[in-house]
Structure formats: C-alpha cells, structure tokens
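> Supplied structure: entry.cif, mmCIF, C-alpha atoms and all ligand atoms.
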data_my_file
loop_
_atom_site.label_atom_id
_atom_site.label_comp_id
_atom_site.auth_asym_id
_atom_site.auth_seq_id
_atom_site.Cartn_x
_atom_site.Cartn_y
_atom_site.Cartn_z
CA MET A 1 131.05 33.45 137.79
CA LYS A 2 132.58 35.09 140.83
CA LYS A 3 135.04 32.19 141.11
CA THR A 4 136.09 32.51 137.45
CA PHE A 5 136.62 36.20 137.88
CA LEU A 6 138.76 35.61 140.94
CA SER A 7 140.90 32.99 139.27
CA LEU A 8 141.30 35.19 136.18
CA PHE A 9 142.35 37.98 138.49
CA SER A 10 144.92 35.78 140.25
CA VAL A 11 146.35 34.61 136.91
CA ILE A 12 146.82 38.22 135.84
CA PHE A 13 148.28 39.12 139.22
CA ILE A 14 150.76 36.21 139.18
CA SER A 15 151.76 37.01 135.58
CA LEU A 16 152.41 40.60 136.57
CA LEU A 17 154.50 39.48 139.52
CA SER A 18 156.60 37.16 137.38
CA LEU A 19 157.04 39.88 134.75
CA MET A 20 158.24 42.24 137.47
CA SER A 21 160.70 39.68 138.81
CA THR A 22 162.06 39.03 135.29
CA PHE A 23 162.51 42.75 134.90
CA THR A 24 164.32 42.98 138.25
CA THR A 25 166.64 40.08 137.39
CA ALA A 26 167.44 41.61 134.00
CA GLN A 27 168.20 44.90 135.73
CA GLU A 28 170.51 43.21 138.17
CA VAL A 29 172.73 41.61 135.57
CA THR A 30 172.80 44.44 133.06
CA SER A 31 173.74 47.27 135.42
CA GLY A 32 177.15 47.71 136.92
CA LYS A 33 176.07 50.46 139.28
CA PRO A 34 172.75 50.84 141.08
CA ASP A 35 171.96 53.89 138.90
CA GLY A 36 172.27 51.71 135.78
CA SER A 37 175.59 53.07 134.53
CA VAL A 38 178.77 51.09 133.81
CA ILE A 39 181.53 50.84 136.38
CA GLU A 40 184.59 52.84 135.39
CA VAL A 41 187.76 50.83 136.06
CA LEU A 42 191.36 52.03 135.99
CA LEU A 43 193.78 49.14 135.46
CA ILE A 44 197.36 50.00 136.41
CA ASP A 45 200.36 48.13 134.99
CA GLY A 46 203.75 48.86 133.43
CA TYR A 47 206.10 47.19 135.94
CA ASN A 48 205.84 43.77 137.44
CA ASN A 49 208.02 40.70 137.96
CA HIS A 50 205.09 38.97 136.20
CA ASN A 51 204.04 39.17 132.56
CA TRP A 52 201.66 42.13 132.85
CA ARG A 53 201.56 42.49 129.06
CA GLU A 54 199.87 39.10 128.97
CA THR A 55 197.63 39.37 132.05
CA SER A 56 196.29 42.93 131.70
CA PRO A 57 194.30 42.17 128.50
CA VAL A 58 192.85 39.08 130.21
CA LEU A 59 191.82 41.06 133.29
CA LYS A 60 190.27 43.71 131.03
CA ARG A 61 188.41 41.07 129.02
CA ASN A 62 187.10 39.32 132.15
CA LEU A 63 185.53 42.60 133.25
CA GLU A 64 184.33 43.95 129.92
CA GLU A 65 182.70 40.75 128.66
CA THR A 66 180.13 41.13 131.48
CA GLY A 67 178.94 44.41 129.96
CA LEU A 68 179.10 45.97 133.42
CA PHE A 69 182.55 47.57 133.30
CA GLU A 70 184.56 49.93 131.12
CA VAL A 71 188.31 49.50 131.62
CA THR A 72 190.95 52.16 131.01
CA VAL A 73 194.57 50.99 131.23
CA ALA A 74 197.24 53.27 132.71
CA THR A 75 200.70 51.92 131.90
CA ALA A 76 203.56 53.45 133.86
CA PRO A 77 206.19 55.20 131.69
CA GLU A 78 209.94 54.54 131.53
CA GLU A 79 211.74 54.83 134.86
CA LYS A 80 213.19 58.30 134.39
CA LYS A 81 209.70 59.63 133.65
CA MET A 82 207.95 58.04 136.65
CA ASP A 83 207.40 61.52 138.12
CA THR A 84 204.95 62.18 135.28
CA PHE A 85 202.84 59.12 136.18
CA GLN A 86 199.83 60.78 137.77
CA PRO A 87 196.65 58.82 137.01
CA LYS A 88 193.46 60.70 137.86
CA PHE A 89 192.19 58.11 140.32
CA SER A 90 189.11 60.11 141.25
CA ASP A 91 187.71 59.73 137.70
CA TYR A 92 187.17 56.02 138.40
CA ASP A 93 184.99 53.84 140.60
CA VAL A 94 187.71 51.27 141.17
CA VAL A 95 191.44 50.84 140.57
CA VAL A 96 192.73 47.36 139.66
CA LEU A 97 196.41 46.93 140.51
CA ASN A 98 198.52 44.75 138.22
CA PHE A 99 201.65 46.62 139.25
CA ASN A 100 204.73 45.60 141.22
CA ASP A 101 207.72 47.91 141.56
CA ASN A 102 210.91 45.89 141.23
CA LYS A 103 213.30 48.77 141.80
CA LYS A 104 213.27 52.02 143.69
CA ASN A 105 212.98 54.11 140.52
CA GLN A 106 209.79 52.27 139.53
CA GLN A 107 208.00 53.62 142.59
CA TRP A 108 205.18 56.12 142.25
CA SER A 109 206.00 59.71 143.16
CA GLU A 110 205.04 60.99 146.59
CA ASN A 111 202.28 63.07 144.94
CA THR A 112 200.82 60.01 143.22
CA LYS A 113 200.96 57.97 146.42
CA LYS A 114 199.19 60.74 148.30
CA ALA A 115 196.53 61.06 145.58
CA PHE A 116 195.93 57.30 145.76
CA GLN A 117 195.62 57.35 149.57
CA ASP A 118 193.14 60.24 149.37
CA TYR A 119 191.15 58.46 146.68
CA VAL A 120 190.74 55.31 148.79
CA GLN A 121 190.24 57.25 152.02
CA ASN A 122 187.32 59.06 150.33
CA GLY A 123 185.61 55.85 149.19
CA GLY A 124 187.47 54.72 146.07
CA GLY A 125 187.56 50.99 145.37
CA VAL A 126 190.73 48.92 144.92
CA VAL A 127 191.45 45.42 143.63
CA VAL A 128 194.80 43.92 144.63
CA TYR A 129 195.69 41.22 142.13
CA HIS A 130 198.36 38.54 142.79
CA ALA A 131 201.86 40.14 142.69
CA ALA A 132 200.44 43.59 143.44
CA ASN A 133 200.71 42.34 147.01
CA ASN A 134 204.50 42.17 146.49
CA ALA A 135 204.66 45.90 145.71
CA PHE A 136 205.67 48.95 147.74
CA THR A 137 207.22 47.11 150.71
CA ASP A 138 207.84 50.22 152.78
CA TRP A 139 204.75 52.26 151.86
CA LYS A 140 202.83 51.87 155.11
CA GLU A 141 199.42 53.00 153.84
CA TYR A 142 199.65 50.67 150.84
CA ASN A 143 200.29 47.72 153.14
CA LEU A 144 197.25 48.71 155.21
CA MET A 145 195.20 48.48 152.00
CA THR A 146 196.60 45.17 150.74
CA ALA A 147 196.38 43.71 154.31
CA VAL A 148 199.10 41.15 153.55
CA GLY A 149 201.96 40.93 151.10
CA GLY A 150 205.02 38.91 150.25
CA TRP A 151 208.64 39.19 149.09
CA GLY A 152 210.27 42.60 148.50
CA GLY A 153 212.40 42.19 151.63
CA ARG A 154 209.41 42.03 153.97
CA ASN A 155 210.05 40.61 157.44
CA LYS A 156 208.62 40.64 160.95
CA THR A 157 208.77 44.43 161.06
CA HIS A 158 206.24 44.63 158.18
CA GLY A 159 203.59 42.79 160.15
CA PRO A 160 202.57 39.39 161.45
CA TYR A 161 201.94 36.27 159.41
CA PHE A 162 198.18 36.18 158.78
CA TYR A 163 196.36 32.90 158.20
CA LEU A 164 193.65 30.66 159.63
CA LYS A 165 194.70 28.76 162.70
CA ASP A 166 192.26 26.25 164.22
CA GLY A 167 189.64 27.71 161.90
CA LYS A 168 190.09 31.32 163.04
CA PRO A 169 191.99 34.31 161.57
CA PHE A 170 195.34 34.47 163.32
CA HIS A 171 197.94 37.25 163.43
CA ASP A 172 201.27 35.62 164.31
CA TYR A 173 203.38 38.46 165.72
CA GLN A 174 205.92 36.11 167.30
CA SER A 175 207.46 34.12 164.47
CA ASP A 176 210.47 35.26 162.52
CA GLY A 177 210.95 33.89 159.08
CA PRO A 178 210.59 34.55 155.39
CA CYS A 179 207.71 36.41 153.83
CA GLY A 180 206.10 35.24 150.62
CA HIS A 181 206.54 31.80 149.16
CA HIS A 182 204.92 29.27 146.83
CA GLY A 183 205.81 25.73 145.85
CA PRO A 184 205.39 24.25 142.36
CA GLN A 185 202.09 25.04 140.66
CA HIS A 186 199.29 22.60 141.42
CA GLU A 187 195.50 22.47 141.51
CA PHE A 188 193.99 23.57 144.79
CA GLN A 189 190.55 24.08 146.30
CA ILE A 190 189.28 27.53 147.16
CA ILE A 191 187.35 27.08 150.42
CA LEU A 192 184.81 29.69 151.49
CA TYR A 193 185.22 31.10 154.98
CA GLU A 194 183.40 34.28 156.02
CA GLU A 195 180.07 35.01 154.28
CA HIS A 196 180.09 37.97 151.92
CA PRO A 197 178.19 39.25 148.83
CA ILE A 198 181.29 38.47 146.68
CA THR A 199 181.10 34.75 147.45
CA LYS A 200 177.35 34.43 148.04
CA GLY A 201 175.84 31.39 146.30
CA LEU A 202 179.22 29.90 145.31
CA PRO A 203 179.94 26.27 146.16
CA PRO A 204 181.54 26.01 149.64
CA LYS A 205 184.65 24.53 147.96
CA PHE A 206 185.61 24.88 144.31
CA MET A 207 188.65 23.67 142.43
CA HIS A 208 191.12 26.12 140.92
CA VAL A 209 193.45 25.25 138.01
CA SER A 210 197.13 24.48 138.56
CA ASP A 211 198.54 27.82 139.78
CA GLU A 212 200.79 29.39 142.39
CA LEU A 213 199.48 29.14 145.95
CA TYR A 214 200.91 32.03 147.93
CA CYS A 215 201.81 31.35 151.55
CA TYR A 216 203.73 32.94 154.44
CA LEU A 217 202.27 36.38 153.68
CA ARG A 218 202.74 39.13 156.26
CA GLY A 219 201.06 42.46 156.84
CA PRO A 220 198.94 44.48 159.23
CA ALA A 221 195.66 42.79 158.13
CA GLU A 222 193.61 45.33 160.07
CA ASN A 223 189.89 45.60 159.23
CA THR A 224 190.36 42.54 157.02
CA LYS A 225 188.01 39.62 156.45
CA ILE A 226 189.07 36.33 154.91
CA LEU A 227 186.39 35.32 152.41
CA ALA A 228 188.17 32.19 151.21
CA TYR A 229 191.36 30.25 151.84
CA ALA A 230 193.32 27.34 150.42
CA HIS A 231 195.28 24.74 152.31
CA SER A 232 198.97 25.05 151.43
CA PRO A 233 200.28 21.47 151.65
CA LYS A 234 203.73 20.68 153.03
CA GLU A 235 204.12 17.99 150.34
CA LYS A 236 203.93 20.77 147.72
CA ARG A 237 206.59 22.71 149.63
CA GLY A 238 203.88 24.90 151.16
CA SER A 239 203.38 26.22 154.68
CA GLY A 240 201.04 23.48 155.90
CA ARG A 241 198.64 26.29 156.81
CA ASP A 242 195.23 27.50 155.63
CA GLU A 243 196.31 30.54 153.66
CA PRO A 244 193.99 33.48 152.80
CA GLN A 245 193.23 33.73 149.07
CA LEU A 246 190.26 36.12 148.86
CA MET A 247 190.11 39.01 151.30
CA VAL A 248 188.33 42.30 151.81
CA THR A 249 189.67 45.25 153.76
CA GLU A 250 188.29 48.63 154.73
CA TYR A 251 190.53 51.68 154.55
CA GLY A 252 188.81 54.97 155.39
CA LYS A 253 185.62 54.93 153.32
CA GLY A 254 187.29 52.74 150.69
CA ARG A 255 186.72 49.06 149.96
CA ILE A 256 189.58 46.79 148.93
CA PHE A 257 189.28 43.33 147.40
CA HIS A 258 192.41 41.15 147.33
CA ILE A 259 192.83 38.01 145.19
CA ALA A 260 196.13 36.26 145.82
CA TYR A 261 196.17 33.76 142.92
CA GLY A 262 196.21 34.13 139.10
CA HIS A 263 199.91 33.99 138.16
CA ALA A 264 199.56 34.07 134.35
CA GLY A 265 196.91 34.76 131.71
CA LYS A 266 195.67 31.16 131.57
CA HIS A 267 195.08 31.15 135.34
CA CYS A 268 193.02 34.32 135.00
CA ARG A 269 190.67 32.58 132.54
CA ALA A 270 189.79 29.93 135.12
CA VAL A 271 186.21 30.45 136.29
CA SER A 272 187.53 30.08 139.86
CA PHE A 273 189.47 33.30 139.17
CA ILE A 274 187.00 35.13 136.90
CA LEU A 275 183.99 34.99 139.19
CA PRO A 276 185.58 36.25 142.44
CA PHE A 277 187.53 38.81 140.40
CA ILE A 278 184.56 40.38 138.59
CA ARG A 279 182.33 40.22 141.66
CA GLY A 280 185.12 41.61 143.86
CA THR A 281 185.66 44.48 141.42
CA GLN A 282 181.94 45.30 141.38
CA TRP A 283 181.82 45.18 145.18
CA ALA A 284 184.91 47.37 145.60
CA ALA A 285 183.34 49.91 143.20
CA THR A 286 179.76 49.93 144.47
CA GLY A 287 179.44 47.98 147.71
CA THR A 288 176.98 45.59 146.09
CA VAL A 289 177.18 42.46 143.90
CA THR A 290 174.61 41.58 141.24
CA ILE A 291 176.63 39.15 139.10
CA PRO A 292 175.00 35.70 139.20
CA VAL A 293 176.77 32.36 139.66
CA PRO A 294 177.45 31.04 136.12
CA PRO A 295 176.54 27.54 134.89
CA ASP A 296 180.23 26.71 134.36
CA MET A 297 181.15 27.32 138.01
CA PRO A 298 183.77 24.72 139.03
CA THR A 299 182.86 22.01 141.50
CA GLU A 300 184.71 20.65 144.51
CA GLU A 301 186.58 18.19 142.26
CA LYS A 302 186.73 19.82 138.84
CA SER A 303 188.23 23.15 137.79
CA MET A 304 186.83 25.03 134.77
CA THR A 305 188.52 27.31 132.24
CA ARG A 306 187.02 29.56 129.55
CA ASP A 307 188.57 30.12 126.09
ZN ZN A 401 203.10 34.62 140.35
#
Now, as a test, write the supplied structure out as structure tokens.

Amino acid sequence: MKKTFLSLFSVIFISLLSLMSTFTTAQEVTSGKPDGSVIEVLLIDGYNNHNWRETSPVLKRNLEETGLFEVTVATAPEEKKMDTFQPKFSDYDVVVLNFNDNKKNQQWSENTKKAFQDYVQNGGGVVVYHAANNAFTDWKEYNLMTAVGGWGGRNKTHGPYFYLKDGKPFHDYQSDGPCGHHGPQHEFQIILYEEHPITKGLPPKFMHVSDELYCYLRGPAENTKILAYAHSPKEKRGSGRDEPQLMVTEYGKGRIFHIAYGHAGKHCRAVSFILPFIRGTQWAATGTVTIPVPPDMPTEEKSMTRD
C-alpha cells in the first residue's frame, strides 16, 4: 500500500516536472524579451550599392516569421532632404543596418550620427548586415561598432586587417594593401570559432549557399569576438585566410552583431543566414538567445534554403 502510494506520488511529481519544462520551453520560443514582449526592431535602408529594396523585405520576414520581433522600416529620403532623416533610435531595442552611403550627400546628419552613438553607448543593440560594413568610411565611432569594414576608400589608416592567423584572432597593423574584396560567388562553410549564445548548439561547421565571401576587411576590431569564420580560398580569388563572418562587439553598454554575408535576397533565405541573423538580432536586443536550432539546419556538406 505504502509502495503504491509512493509510486503514484512519483508519477504525479514527474508529470508535474515535465509539464513545467514544457511550459518553460514554450515560454522560451514565444517570447522575444525576457518580460514576454516582442522585440522592437528598426530596419534602416534607402541607400546601398546593393538591392536594398529586395533584401529589406526578406530581412523583415526572417525576423517577423518567428513571432518574436516587430520590424519598422526607416527608409532614408532623397539626398537633399537627408537632414530630415532623424529616426528615433531610442524607441527600439535594436537597429538593423541595411544602409551604405555611396556619396557624401547620402550621409546621416551630424545630429543623427550623434543620436545613434548615444543610443548604442546607452545599451541599444545593432545588427551590421553585409554591405553596411562598407558604410561611413570616415565616421570613427561607426567603425568601432562594425569592428571591420571594406571598400569606401579604406586603407591602412582605417585599421589593421583582422582575421584568424594560426587559429587566433590577428590584427595585422603592418600590411598595406586593399580593403574589402570577394571573388566569384561560391558555396562555403561557416566554421564556429568562439563559443557564444548566438551559435550555441549549431553544428561546428555548416554549409552556406553560393554567396559573396568578404575578405581583406580592415577596422579597429576592439572588444570584438569572432563567433564564426570561413576560409577564403586563393583558387576562388580570395585571400587564402580564415576570414571573420559572424562577430560580436561591445561599444559602451551596447551590443553589436555583425554578419558579413548575405549579398541578395536569396542568400538571406538560406538557413545558414537566417539562424545567425535572427539569433544575433535577439542577442543584440536583449543579451540572451532563446531561439532553438531548427530541423532544417544545414550540415557540413549540404546548404539549406527556405521558400
Ligand atoms: Zn554584396
């Protein structure tokens, strides 16, 4: 009798435990922020040497289909009205940058730059996406946030080359040479490096679709961790180096996530893009990641794309 009672008790206890853990798991994937509310995202576009009209809706969809984010798009106005471009950064948890100034009169005003610096300094999140690391060559604080960048006339004076040498992050202050390059698009593996909530549980190597592989990036790369890299092969006109592809940087109280690949809309629907991007956005906004690894995560050999 006593035994039956005990075993009945343990069945109830175990059921309760499993119910609690189901509840916790459900909580984790249905809440963007620890308080249960959605993450407010400001996506900035309007100028880019890339097709932002195509990629912005894909970035927005990637975030919103999780149910964890609400995305507002701020599109910069025509050049002569750039002074009026004053997004209210502080209304948002995280700013996703799909913006690259091609000309001087596409730059943000000094007021807007200052507001952005203050926002990040005070704990605002930032996601630097692909060609956003080409932007604002001579805006020092911006380059501290992106860690590394390419093109836009950057040279040795804008910072060292930053890559993995002999398996360790390396700032090459000595070498002259161009900044920003990619060979023809090809498939490449994303290889995890430093452990981080953004990449936790992902396969150590996963294949990305045929895309641009940025190399020869330069920048201060202070307070920066490389979460994942890709080898840029010489035979694909690359650098022959292990080039950072996913990075995080601290700036003041702010968190910055940087994803270097994702040239066009189709590349941004690759799961090898979507997962780091949505997790990186959640982390930049909240400092935590609750998004699970999906069943369609690519493997070491096979990339995956969603419709
Ligand atoms: Zn590109």
> Which polymer residues have any atom within 8 Å of an atom of region 109-116 of chain A, counting all atoms listed in the file, with same-chain residues fewer than 6 positions away left out, as a ChimeraX atom specification?
/A:82-83,85-87,89
> Determine, using only C-alpha atoms and all ligand atoms, which residues of chain A have any atom at most 8 Å from an atom of ligand ZN 401 (chain A), and tabulate each with its shortest atom pair and distance in Å to one decimal place, rows ordered by chain and then rising number, as CSV.

residue,atom,partner,partner_atom,distance
A:His50,CA,A:ZN401,ZN,6.3
A:His130,CA,A:ZN401,ZN,6.6
A:Ala131,CA,A:ZN401,ZN,6.1
A:Glu212,CA,A:ZN401,ZN,6.1
A:Tyr261,CA,A:ZN401,ZN,7.4
A:Gly262,CA,A:ZN401,ZN,7.0
A:His263,CA,A:ZN401,ZN,3.9
A:Ala264,CA,A:ZN401,ZN,7.0
> Take the residues that were just selected and, keeping C-alpha atoms, output them as an mmCIF file, in the coordinates of the input.

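So part.cif came out as:
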data_model
loop_
_atom_site.group_PDB
_atom_site.id
_atom_site.type_symbol
_atom_site.label_atom_id
_atom_site.label_comp_id
_atom_site.auth_asym_id
_atom_site.auth_seq_id
_atom_site.Cartn_x
_atom_site.Cartn_y
_atom_site.Cartn_z
ATOM 1 C CA HIS A 50 205.090 38.970 136.200
ATOM 2 C CA HIS A 130 198.360 38.540 142.790
ATOM 3 C CA ALA A 131 201.860 40.140 142.690
ATOM 4 C CA GLU A 212 200.790 29.390 142.390
ATOM 5 C CA TYR A 261 196.170 33.760 142.920
ATOM 6 C CA GLY A 262 196.210 34.130 139.100
ATOM 7 C CA HIS A 263 199.910 33.990 138.160
ATOM 8 C CA ALA A 264 199.560 34.070 134.350
#
> Measuring between only C-alpha atoms, which one of A:Arg279, A:Lys165, A:Lys104, A:Lys205 shows the shortest distance to Asp138 (chain A)?
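For Asp138 (chain A), the nearest of the given residues is A:Lys104.
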> Mind checking which residues fall within 10 Å of Pro34 (chain A), counting all atoms listed in the file, ignoring those fewer than 2 positions away in the same chain, and posting them as a PyMOL selection string?
chain A and resi 27-28+31-32+36-39+286-290
> Deliver the residues from the most recent selection as a file, using C-alpha atoms, as a compact mmCIF listing (two decimals), in the frame of the given file.

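part-v8.txt was written with the following content:
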# COMPACT_ATOMS: atom_id res chain seq x y z
CA GLN A 27 168.20 44.90 135.73
CA GLU A 28 170.51 43.21 138.17
CA SER A 31 173.74 47.27 135.42
CA GLY A 32 177.15 47.71 136.92
CA GLY A 36 172.27 51.71 135.78
CA SER A 37 175.59 53.07 134.53
CA VAL A 38 178.77 51.09 133.81
CA ILE A 39 181.53 50.84 136.38
CA THR A 286 179.76 49.93 144.47
CA GLY A 287 179.44 47.98 147.71
CA THR A 288 176.98 45.59 146.09
CA VAL A 289 177.18 42.46 143.90
CA THR A 290 174.61 41.58 141.24
> At a cut-off of 10 Å from (190.1, 57.9, 146.6) in the coordinates of the file, what residues are picked up using all atoms listed in the file, written as a ChimeraX atom specification?
/A:88-95,114-126,252-254
> Would you mind telling me which residue in A:Gln189, A:Gln174, A:Thr157, A:Thr305 lies nearest to Val271 (chain A) when using all atoms listed in the file?
A:Thr305
> Enter the distance from CA of Lys168 (chain A) to CA of Lys225 (chain A), in Å, rounded to one decimal.
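Calculated distance between CA of Lys168 (chain A) and CA of Lys225 (chain A) is 10.8 Å.
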> Could you give me, as a PyMOL selection string, the residues that sit within 8 Å of (190.2, 34.6, 151.1) in the file's coordinates, counting all atoms listed in the file?
chain A and resi 192-193+225-230+243-248+258-259
> Closest to Val58 (chain A) among A:Leu202, A:Val71, A:Gly280, A:Phe136, using all atoms listed in the file?
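Selected residue with least distance to Val58 (chain A): A:Val71.
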> Show which residues sit within 10 Å of Phe188 (chain A), as number ranges by chain. Count only C-alpha atoms, and ignore same-chain residues fewer than 6 positions away.
A: 205-213, 230-233, 300-301, 303
> Pick out the closest residue to Gly265 (chain A) from this set: A:Ala132, A:Leu164, A:Arg306, A:Asp101. Count only C-alpha atoms.
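Using only C-alpha atoms, the shortest distance to Gly265 (chain A) belongs to A:Arg306.
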> Could you jot down the CA of Lys156 (chain A) to CA of Asp176 (chain A) separation for me, Å, one decimal place?
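Atom-to-atom, CA of Lys156 (chain A) and CA of Asp176 (chain A) are spaced 5.9 Å apart.
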> What is the CA of Asn48 (chain A)-CA of Glu222 (chain A) distance in Å, reported with one decimal?
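CA of Glu222 (chain A) lies at a distance of 25.8 Å from CA of Asn48 (chain A).
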> Considering all atoms listed in the file, return as a list in words whatever protein or nucleic-acid residues lie within 9 Å of Ala76 (chain A), sequence-local ones (same chain, fewer than 6 positions apart) excluded.
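Near Ala76 (chain A), the qualifying residues are Ile44, Asp45, Gly46, Tyr47, Met82, Thr84, Phe85, Phe99, Gln106 and Trp108 of chain A.
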> With all atoms listed in the file as the basis for distance, which of A:Thr299, A:Thr199, A:Gln107, A:Asn100 is at the shortest distance from Ile278 (chain A)?
A:Thr199
> Here is a test: counting all atoms listed in the file, which residue of A:Thr137, A:Thr30, A:Thr281, A:Asn105 is nearest to Pro77 (chain A)?
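Closest to Pro77 (chain A), using all atoms listed in the file: A:Asn105.
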> List every residue of region 254-289 of chain A that has an atom at most 9 Å from any atom of region 143-148 of chain A, giving for each one its closest atom pair and the distance in Å to one decimal, counting all atoms listed in the file, sorted by chain and then by ascending residue number, as a Markdown table.

| residue | atom | partner | partner_atom | distance |
| --- | --- | --- | --- | --- |
| A:Arg255 | CA | A:Met145 | CA | 8.7 |
| A:Ile256 | CA | A:Met145 | CA | 6.6 |
| A:Phe257 | CA | A:Thr146 | CA | 8.3 |
| A:His258 | CA | A:Thr146 | CA | 6.7 |
